[in-house]
Amino acid sequence: MRIVLVGPPGAGKGTQAHFIASHLAIPRISTGDIFRYNVANNTDLGVKAKEYMDRGDLVPDEVTVAMVRDRLAESDAKAGFLLDGFPRNLPQADTLKKILAELDQRLTVVLELVVDEDEVVRRLSGRRTCRRCQRVWHVLYEPPTVAGVCDDCGGELFQRDDDKEEVIRHRLEVYSSQTSPLIAFYADEGILVGIDATGPVEEVTARALSALQPYVH
Ligand code: ADP
Ligand code: AMP
């Protein structure tokens, strides 16, 4: 299956991607995680991406698309993938379609996580991410057993630089102006499925898996 997850920052894409990808045994490809890894390791890609990420802007398409093209060409993505955070604007969606066509592939389904803005702000302001395995936690809603330590791998948890209030606000504006048009785009293609992404994480996962069920083959 070739799945795209779409929804505002803080909707729970990374959280749900973790469970969905492991349930379906497909790789989770998060452009945000790949960028953060490159920033942390000070690579050329990281240097190019950092200023945009710090402001909450989208990294330029040529940089992002080249990275995704390389990742999708890796062998583990041949049988399917779950994209988290890509595409993020209409030109990226068009390019993704072309990249997949070159590989004789197309998207199976786009899953939209629907959450209102007050809830995403609450989620983002308490988010903590594992430095080692990238699993996402929340200080109130999904607290790890020991504060600051990932239950899964024992890695150190950190707060993302772009989860500061003023950057959160800007990222929500970027979502609304640049990313939300993807909803109509994929609805027109007939591959959009939306779910209510409020409530406990396990309930959202159950809703996501049952929405995806008709597409599993
Ligand atoms: P996204 O990848 O869409 O930006 P995340 O998966 O990183 O969102 O989730 C943002 C924050 O919200 C994290 O701290 C996560 O633990 C928390 N979270 C995710 N899903 C839920 C949920 N259903 N209820 C409460 N908190 C959630
Ligand atoms: P995320 O982890 O998905 O919240 O992404 C964090 C940041 O990485 C975003 O605010 C952007 O600066 C950058 N980023 C991630 N995915 C993309 C993308 N598809 N296009 C452009 N920038 C992206």
# chains A, B, ... in the order shown; residues from 1 in each chain; ligands from 1

$ closest_atom_pairs --of "chain A" --to "ligand 1" --cutoff "9 Å" --atoms "only C-alpha atoms and all ligand atoms" --output "tab-separated table"
residue	atom	partner	partner_atom_place_in_ligand_line	distance
A:Leu5	CA	ligand 1	3 (O)	8.7
A:Val6	CA	ligand 1	3 (O)	7.9
A:Gly7	CA	ligand 1	3 (O)	6.4
A:Pro8	CA	ligand 1	3 (O)	6.1
A:Pro9	CA	ligand 1	4 (O)	3.9
A:Gly10	CA	ligand 1	4 (O)	3.6
A:Ala11	CA	ligand 1	3 (O)	4.0
A:Gly12	CA	ligand 1	6 (O)	3.2
A:Lys13	CA	ligand 1	3 (O)	3.6
A:Gly14	CA	ligand 1	6 (O)	3.7
A:Thr15	CA	ligand 1	6 (O)	3.7
A:Gln16	CA	ligand 1	6 (O)	6.4
A:Ala17	CA	ligand 1	6 (O)	7.8
A:His18	CA	ligand 1	6 (O)	8.7
A:Ser30	CA	ligand 1	2 (O)	8.7
A:Gly32	CA	ligand 1	2 (O)	8.7
A:Asp84	CA	ligand 1	2 (O)	7.3
A:Gly85	CA	ligand 1	2 (O)	7.5
A:Leu113	CA	ligand 1	3 (O)	8.1
A:Glu119	CA	ligand 1	25 (C)	8.3
A:Val120	CA	ligand 1	12 (O)	7.1
A:Val121	CA	ligand 1	11 (C)	8.8
A:Arg122	CA	ligand 1	12 (O)	7.7
A:Arg123	CA	ligand 1	12 (O)	3.9
A:Leu124	CA	ligand 1	11 (C)	5.0
A:Ser125	CA	ligand 1	14 (O)	7.6
A:Gly126	CA	ligand 1	14 (O)	5.6
A:Arg127	CA	ligand 1	14 (O)	3.2
A:Arg128	CA	ligand 1	14 (O)	5.7
A:Thr129	CA	ligand 1	14 (O)	7.6
A:Arg135	CA	ligand 1	7 (O)	8.5
A:Val136	CA	ligand 1	16 (O)	5.2
A:Trp137	CA	ligand 1	16 (O)	3.8
A:His138	CA	ligand 1	14 (O)	3.7
A:Val139	CA	ligand 1	14 (O)	7.2
A:Leu140	CA	ligand 1	26 (N)	8.0
A:Tyr141	CA	ligand 1	26 (N)	4.9
A:Glu142	CA	ligand 1	16 (O)	5.2
A:Pro143	CA	ligand 1	16 (O)	7.8
A:Ala197	CA	ligand 1	23 (N)	6.1
A:Thr198	CA	ligand 1	23 (N)	5.3
A:Gly199	CA	ligand 1	23 (N)	5.0
A:Pro200	CA	ligand 1	23 (N)	4.4
A:Val201	CA	ligand 1	23 (N)	3.8
A:Glu202	CA	ligand 1	23 (N)	7.4
A:Glu203	CA	ligand 1	23 (N)	7.5
A:Val204	CA	ligand 1	23 (N)	6.0
A:Thr205	CA	ligand 1	23 (N)	8.4

$ write_last_selection --atoms "C-alpha atoms" --output "PDB file, in the first residue's frame"
ATOM      1  CA  LEU A   5      -1.013  11.051   5.852  1.00  0.00           C
ATOM      2  CA  VAL A   6      -2.257  14.616   5.791  1.00  0.00           C
ATOM      3  CA  GLY A   7      -3.397  16.967   8.552  1.00  0.00           C
ATOM      4  CA  PRO A   8      -2.210  20.073  10.397  1.00  0.00           C
ATOM      5  CA  PRO A   9       0.953  20.083  12.498  1.00  0.00           C
ATOM      6  CA  GLY A  10       0.071  18.347  15.770  1.00  0.00           C
ATOM      7  CA  ALA A  11      -2.792  16.295  14.294  1.00  0.00           C
ATOM      8  CA  GLY A  12      -0.984  13.098  15.312  1.00  0.00           C
ATOM      9  CA  LYS A  13       0.518  12.075  11.956  1.00  0.00           C
ATOM     10  CA  GLY A  14       3.835  10.907  13.431  1.00  0.00           C
ATOM     11  CA  THR A  15       2.077   9.134  16.315  1.00  0.00           C
ATOM     12  CA  GLN A  16      -0.351   7.277  14.051  1.00  0.00           C
ATOM     13  CA  ALA A  17       2.266   6.655  11.339  1.00  0.00           C
ATOM     14  CA  HIS A  18       4.271   4.659  13.865  1.00  0.00           C
ATOM     15  CA  SER A  30       8.756  11.293   7.502  1.00  0.00           C
ATOM     16  CA  GLY A  32      10.425  16.190   8.971  1.00  0.00           C
ATOM     17  CA  ASP A  84       4.196  11.498   6.814  1.00  0.00           C
ATOM     18  CA  GLY A  85       4.663  15.215   6.067  1.00  0.00           C
ATOM     19  CA  LEU A 113      -6.478  13.370  10.303  1.00  0.00           C
ATOM     20  CA  GLU A 119      -6.402  20.863  20.139  1.00  0.00           C
ATOM     21  CA  VAL A 120      -3.348  20.945  17.851  1.00  0.00           C
ATOM     22  CA  VAL A 121      -1.904  23.869  19.825  1.00  0.00           C
ATOM     23  CA  ARG A 122      -2.381  21.890  23.079  1.00  0.00           C
ATOM     24  CA  ARG A 123      -0.749  18.861  21.486  1.00  0.00           C
ATOM     25  CA  LEU A 124       2.229  20.716  20.022  1.00  0.00           C
ATOM     26  CA  SER A 125       3.045  22.677  23.152  1.00  0.00           C
ATOM     27  CA  GLY A 126       3.521  19.452  25.187  1.00  0.00           C
ATOM     28  CA  ARG A 127       5.162  17.340  22.471  1.00  0.00           C
ATOM     29  CA  ARG A 128       8.424  15.543  23.231  1.00  0.00           C
ATOM     30  CA  THR A 129      10.343  13.496  20.649  1.00  0.00           C
ATOM     31  CA  ARG A 135       8.786   8.113  18.779  1.00  0.00           C
ATOM     32  CA  VAL A 136       6.553  10.998  19.858  1.00  0.00           C
ATOM     33  CA  TRP A 137       5.275  11.547  23.433  1.00  0.00           C
ATOM     34  CA  HIS A 138       3.280  14.253  25.197  1.00  0.00           C
ATOM     35  CA  VAL A 139       3.917  15.526  28.715  1.00  0.00           C
ATOM     36  CA  LEU A 140       0.206  15.228  29.641  1.00  0.00           C
ATOM     37  CA  TYR A 141      -1.562  13.124  26.988  1.00  0.00           C
ATOM     38  CA  GLU A 142       1.051  10.434  26.264  1.00  0.00           C
ATOM     39  CA  PRO A 143       3.586  10.692  29.087  1.00  0.00           C
ATOM     40  CA  ALA A 197      -8.395  12.276  15.043  1.00  0.00           C
ATOM     41  CA  THR A 198      -9.585  13.402  18.497  1.00  0.00           C
ATOM     42  CA  GLY A 199      -9.783  11.096  21.510  1.00  0.00           C
ATOM     43  CA  PRO A 200      -7.234   8.616  22.860  1.00  0.00           C
ATOM     44  CA  VAL A 201      -4.367   7.544  20.576  1.00  0.00           C
ATOM     45  CA  GLU A 202      -5.525   3.878  20.480  1.00  0.00           C
ATOM     46  CA  GLU A 203      -9.024   4.927  19.397  1.00  0.00           C
ATOM     47  CA  VAL A 204      -7.622   7.065  16.589  1.00  0.00           C
ATOM     48  CA  THR A 205      -5.403   4.146  15.493  1.00  0.00           C
TER      49      THR A 205
END

$ residues_near_ligand --ligand "ligand 2" --cutoff "7 Å" --atoms "only C-alpha atoms and all ligand atoms" --output "MDAnalysis selection string"
chainID A and resid 9 30:33 35 52:53 56:61 64 84:88 171

$ closest_residue --among "A:Pro144, A:Asn89, A:Phe158, A:Ala208" --to "Ser176 (chain A)" --atoms "only C-alpha atoms"
A:Asn89

$ select_by_dssp --residues "region 8-191 of chain A" --states "alpha helix (DSSP H)" --output "PDB file with C-alpha atoms, in the first residue's frame"
ATOM      1  CA  LYS A  13       0.518  12.075  11.956  1.00  0.00           C
ATOM      2  CA  GLY A  14       3.835  10.907  13.431  1.00  0.00           C
ATOM      3  CA  THR A  15       2.077   9.134  16.315  1.00  0.00           C
ATOM      4  CA  GLN A  16      -0.351   7.277  14.051  1.00  0.00           C
ATOM      5  CA  ALA A  17       2.266   6.655  11.339  1.00  0.00           C
ATOM      6  CA  HIS A  18       4.271   4.659  13.865  1.00  0.00           C
ATOM      7  CA  PHE A  19       1.376   2.266  14.580  1.00  0.00           C
ATOM      8  CA  ILE A  20      -0.063   2.098  11.051  1.00  0.00           C
ATOM      9  CA  ALA A  21       3.304   1.445   9.384  1.00  0.00           C
ATOM     10  CA  SER A  22       4.174  -1.311  11.828  1.00  0.00           C
ATOM     11  CA  HIS A  23       0.698  -2.876  11.502  1.00  0.00           C
ATOM     12  CA  LEU A  24       0.943  -2.892   7.685  1.00  0.00           C
ATOM     13  CA  THR A  31      10.313  14.235   5.676  1.00  0.00           C
ATOM     14  CA  GLY A  32      10.425  16.190   8.971  1.00  0.00           C
ATOM     15  CA  ASP A  33      12.410  13.370  10.649  1.00  0.00           C
ATOM     16  CA  ILE A  34      14.822  13.150   7.694  1.00  0.00           C
ATOM     17  CA  PHE A  35      15.365  16.928   7.823  1.00  0.00           C
ATOM     18  CA  ARG A  36      15.882  16.892  11.618  1.00  0.00           C
ATOM     19  CA  TYR A  37      18.404  14.052  11.303  1.00  0.00           C
ATOM     20  CA  ASN A  38      20.314  16.074   8.708  1.00  0.00           C
ATOM     21  CA  VAL A  39      20.189  19.243  10.822  1.00  0.00           C
ATOM     22  CA  ALA A  40      21.469  17.332  13.877  1.00  0.00           C
ATOM     23  CA  ASP A  44      24.677  19.983   3.479  1.00  0.00           C
ATOM     24  CA  LEU A  45      20.971  19.112   3.338  1.00  0.00           C
ATOM     25  CA  GLY A  46      20.579  20.016   7.027  1.00  0.00           C
ATOM     26  CA  VAL A  47      22.318  23.367   6.523  1.00  0.00           C
ATOM     27  CA  LYS A  48      19.962  24.150   3.609  1.00  0.00           C
ATOM     28  CA  ALA A  49      16.834  23.145   5.557  1.00  0.00           C
ATOM     29  CA  LYS A  50      17.532  24.609   9.002  1.00  0.00           C
ATOM     30  CA  GLU A  51      16.635  28.287   8.474  1.00  0.00           C
ATOM     31  CA  TYR A  52      13.267  27.360   6.952  1.00  0.00           C
ATOM     32  CA  MET A  53      12.459  24.854   9.702  1.00  0.00           C
ATOM     33  CA  ASP A  54      13.390  27.319  12.461  1.00  0.00           C
ATOM     34  CA  ARG A  55      10.924  29.841  11.014  1.00  0.00           C
ATOM     35  CA  ASP A  61      10.524  22.154  -3.123  1.00  0.00           C
ATOM     36  CA  GLU A  62      13.681  21.333  -5.116  1.00  0.00           C
ATOM     37  CA  VAL A  63      15.498  20.314  -1.925  1.00  0.00           C
ATOM     38  CA  THR A  64      12.541  18.359  -0.499  1.00  0.00           C
ATOM     39  CA  VAL A  65      11.565  16.626  -3.716  1.00  0.00           C
ATOM     40  CA  ALA A  66      15.117  15.447  -4.477  1.00  0.00           C
ATOM     41  CA  MET A  67      15.293  13.931  -0.992  1.00  0.00           C
ATOM     42  CA  VAL A  68      11.947  12.127  -1.351  1.00  0.00           C
ATOM     43  CA  ARG A  69      12.813  10.874  -4.839  1.00  0.00           C
ATOM     44  CA  ASP A  70      15.990   9.239  -3.449  1.00  0.00           C
ATOM     45  CA  ARG A  71      14.152   7.764  -0.480  1.00  0.00           C
ATOM     46  CA  LEU A  72      11.362   6.253  -2.604  1.00  0.00           C
ATOM     47  CA  LEU A  90       0.212  21.241  -4.679  1.00  0.00           C
ATOM     48  CA  PRO A  91       3.490  21.312  -6.663  1.00  0.00           C
ATOM     49  CA  GLN A  92       4.878  18.569  -4.363  1.00  0.00           C
ATOM     50  CA  ALA A  93       1.704  16.520  -4.920  1.00  0.00           C
ATOM     51  CA  ASP A  94       2.111  16.858  -8.695  1.00  0.00           C
ATOM     52  CA  THR A  95       5.758  15.861  -8.515  1.00  0.00           C
ATOM     53  CA  LEU A  96       4.950  12.876  -6.301  1.00  0.00           C
ATOM     54  CA  LYS A  97       2.490  11.677  -8.910  1.00  0.00           C
ATOM     55  CA  LYS A  98       5.209  11.914 -11.586  1.00  0.00           C
ATOM     56  CA  ILE A  99       7.858  10.199  -9.444  1.00  0.00           C
ATOM     57  CA  LEU A 100       5.465   7.306  -8.785  1.00  0.00           C
ATOM     58  CA  ALA A 101       4.409   7.096 -12.451  1.00  0.00           C
ATOM     59  CA  GLU A 102       8.104   6.711 -13.394  1.00  0.00           C
ATOM     60  CA  GLU A 117      -6.856  24.218  15.939  1.00  0.00           C
ATOM     61  CA  ASP A 118      -7.164  24.560  19.755  1.00  0.00           C
ATOM     62  CA  GLU A 119      -6.402  20.863  20.139  1.00  0.00           C
ATOM     63  CA  VAL A 120      -3.348  20.945  17.851  1.00  0.00           C
ATOM     64  CA  VAL A 121      -1.904  23.869  19.825  1.00  0.00           C
ATOM     65  CA  ARG A 122      -2.381  21.890  23.079  1.00  0.00           C
ATOM     66  CA  ARG A 123      -0.749  18.861  21.486  1.00  0.00           C
ATOM     67  CA  LEU A 124       2.229  20.716  20.022  1.00  0.00           C
ATOM     68  CA  SER A 125       3.045  22.677  23.152  1.00  0.00           C
ATOM     69  CA  GLU A 165       4.277  29.383  20.420  1.00  0.00           C
ATOM     70  CA  GLU A 166       5.103  31.945  17.697  1.00  0.00           C
ATOM     71  CA  VAL A 167       6.507  29.278  15.346  1.00  0.00           C
ATOM     72  CA  ILE A 168       3.480  27.011  15.985  1.00  0.00           C
ATOM     73  CA  ARG A 169       1.189  29.856  14.914  1.00  0.00           C
ATOM     74  CA  HIS A 170       3.152  30.403  11.710  1.00  0.00           C
ATOM     75  CA  ARG A 171       3.199  26.662  10.889  1.00  0.00           C
ATOM     76  CA  LEU A 172      -0.587  26.588  11.224  1.00  0.00           C
ATOM     77  CA  GLU A 173      -0.838  29.505   8.758  1.00  0.00           C
ATOM     78  CA  VAL A 174       1.479  27.683   6.347  1.00  0.00           C
ATOM     79  CA  PRO A 181      -5.543  22.624  -0.706  1.00  0.00           C
ATOM     80  CA  LEU A 182      -4.272  19.026  -0.920  1.00  0.00           C
ATOM     81  CA  ILE A 183      -7.519  17.871   0.676  1.00  0.00           C
ATOM     82  CA  ALA A 184      -9.597  18.994  -2.330  1.00  0.00           C
ATOM     83  CA  PHE A 185      -6.881  17.789  -4.726  1.00  0.00           C
ATOM     84  CA  TYR A 186      -6.964  14.222  -3.380  1.00  0.00           C
ATOM     85  CA  ALA A 187     -10.751  14.275  -2.943  1.00  0.00           C
ATOM     86  CA  ASP A 188     -10.966  15.038  -6.693  1.00  0.00           C
TER      87      ASP A 188
END

$ select_by_dssp --residues "region 118-185 of chain A" --states "strand (DSSP E or B)" --output "list in words"
Arg127, Arg128, Thr129, Cys130, Val136, Trp137, His138, Glu142, Val149, Glu156, Leu157 and Phe158 of chain A

$ atom_distance --atom1 "CA of Gln213 (chain A)" --atom2 "CA of Asp196 (chain A)"
16.2 Å

$ decode --residues "region 60-71 of chain A" --atoms "C-alpha atoms" --output "mmCIF file, in the first residue's frame"
data_model
loop_
_atom_site.group_PDB
_atom_site.id
_atom_site.type_symbol
_atom_site.label_atom_id
_atom_site.label_comp_id
_atom_site.auth_asym_id
_atom_site.auth_seq_id
_atom_site.Cartn_x
_atom_site.Cartn_y
_atom_site.Cartn_z
ATOM 1 C CA PRO A 60 12.113 24.749 -0.860
ATOM 2 C CA ASP A 61 10.524 22.154 -3.123
ATOM 3 C CA GLU A 62 13.681 21.333 -5.116
ATOM 4 C CA VAL A 63 15.498 20.314 -1.925
ATOM 5 C CA THR A 64 12.541 18.359 -0.499
ATOM 6 C CA VAL A 65 11.565 16.626 -3.716
ATOM 7 C CA ALA A 66 15.117 15.447 -4.477
ATOM 8 C CA MET A 67 15.293 13.931 -0.992
ATOM 9 C CA VAL A 68 11.947 12.127 -1.351
ATOM 10 C CA ARG A 69 12.813 10.874 -4.839
ATOM 11 C CA ASP A 70 15.990 9.239 -3.449
ATOM 12 C CA ARG A 71 14.152 7.764 -0.480
#
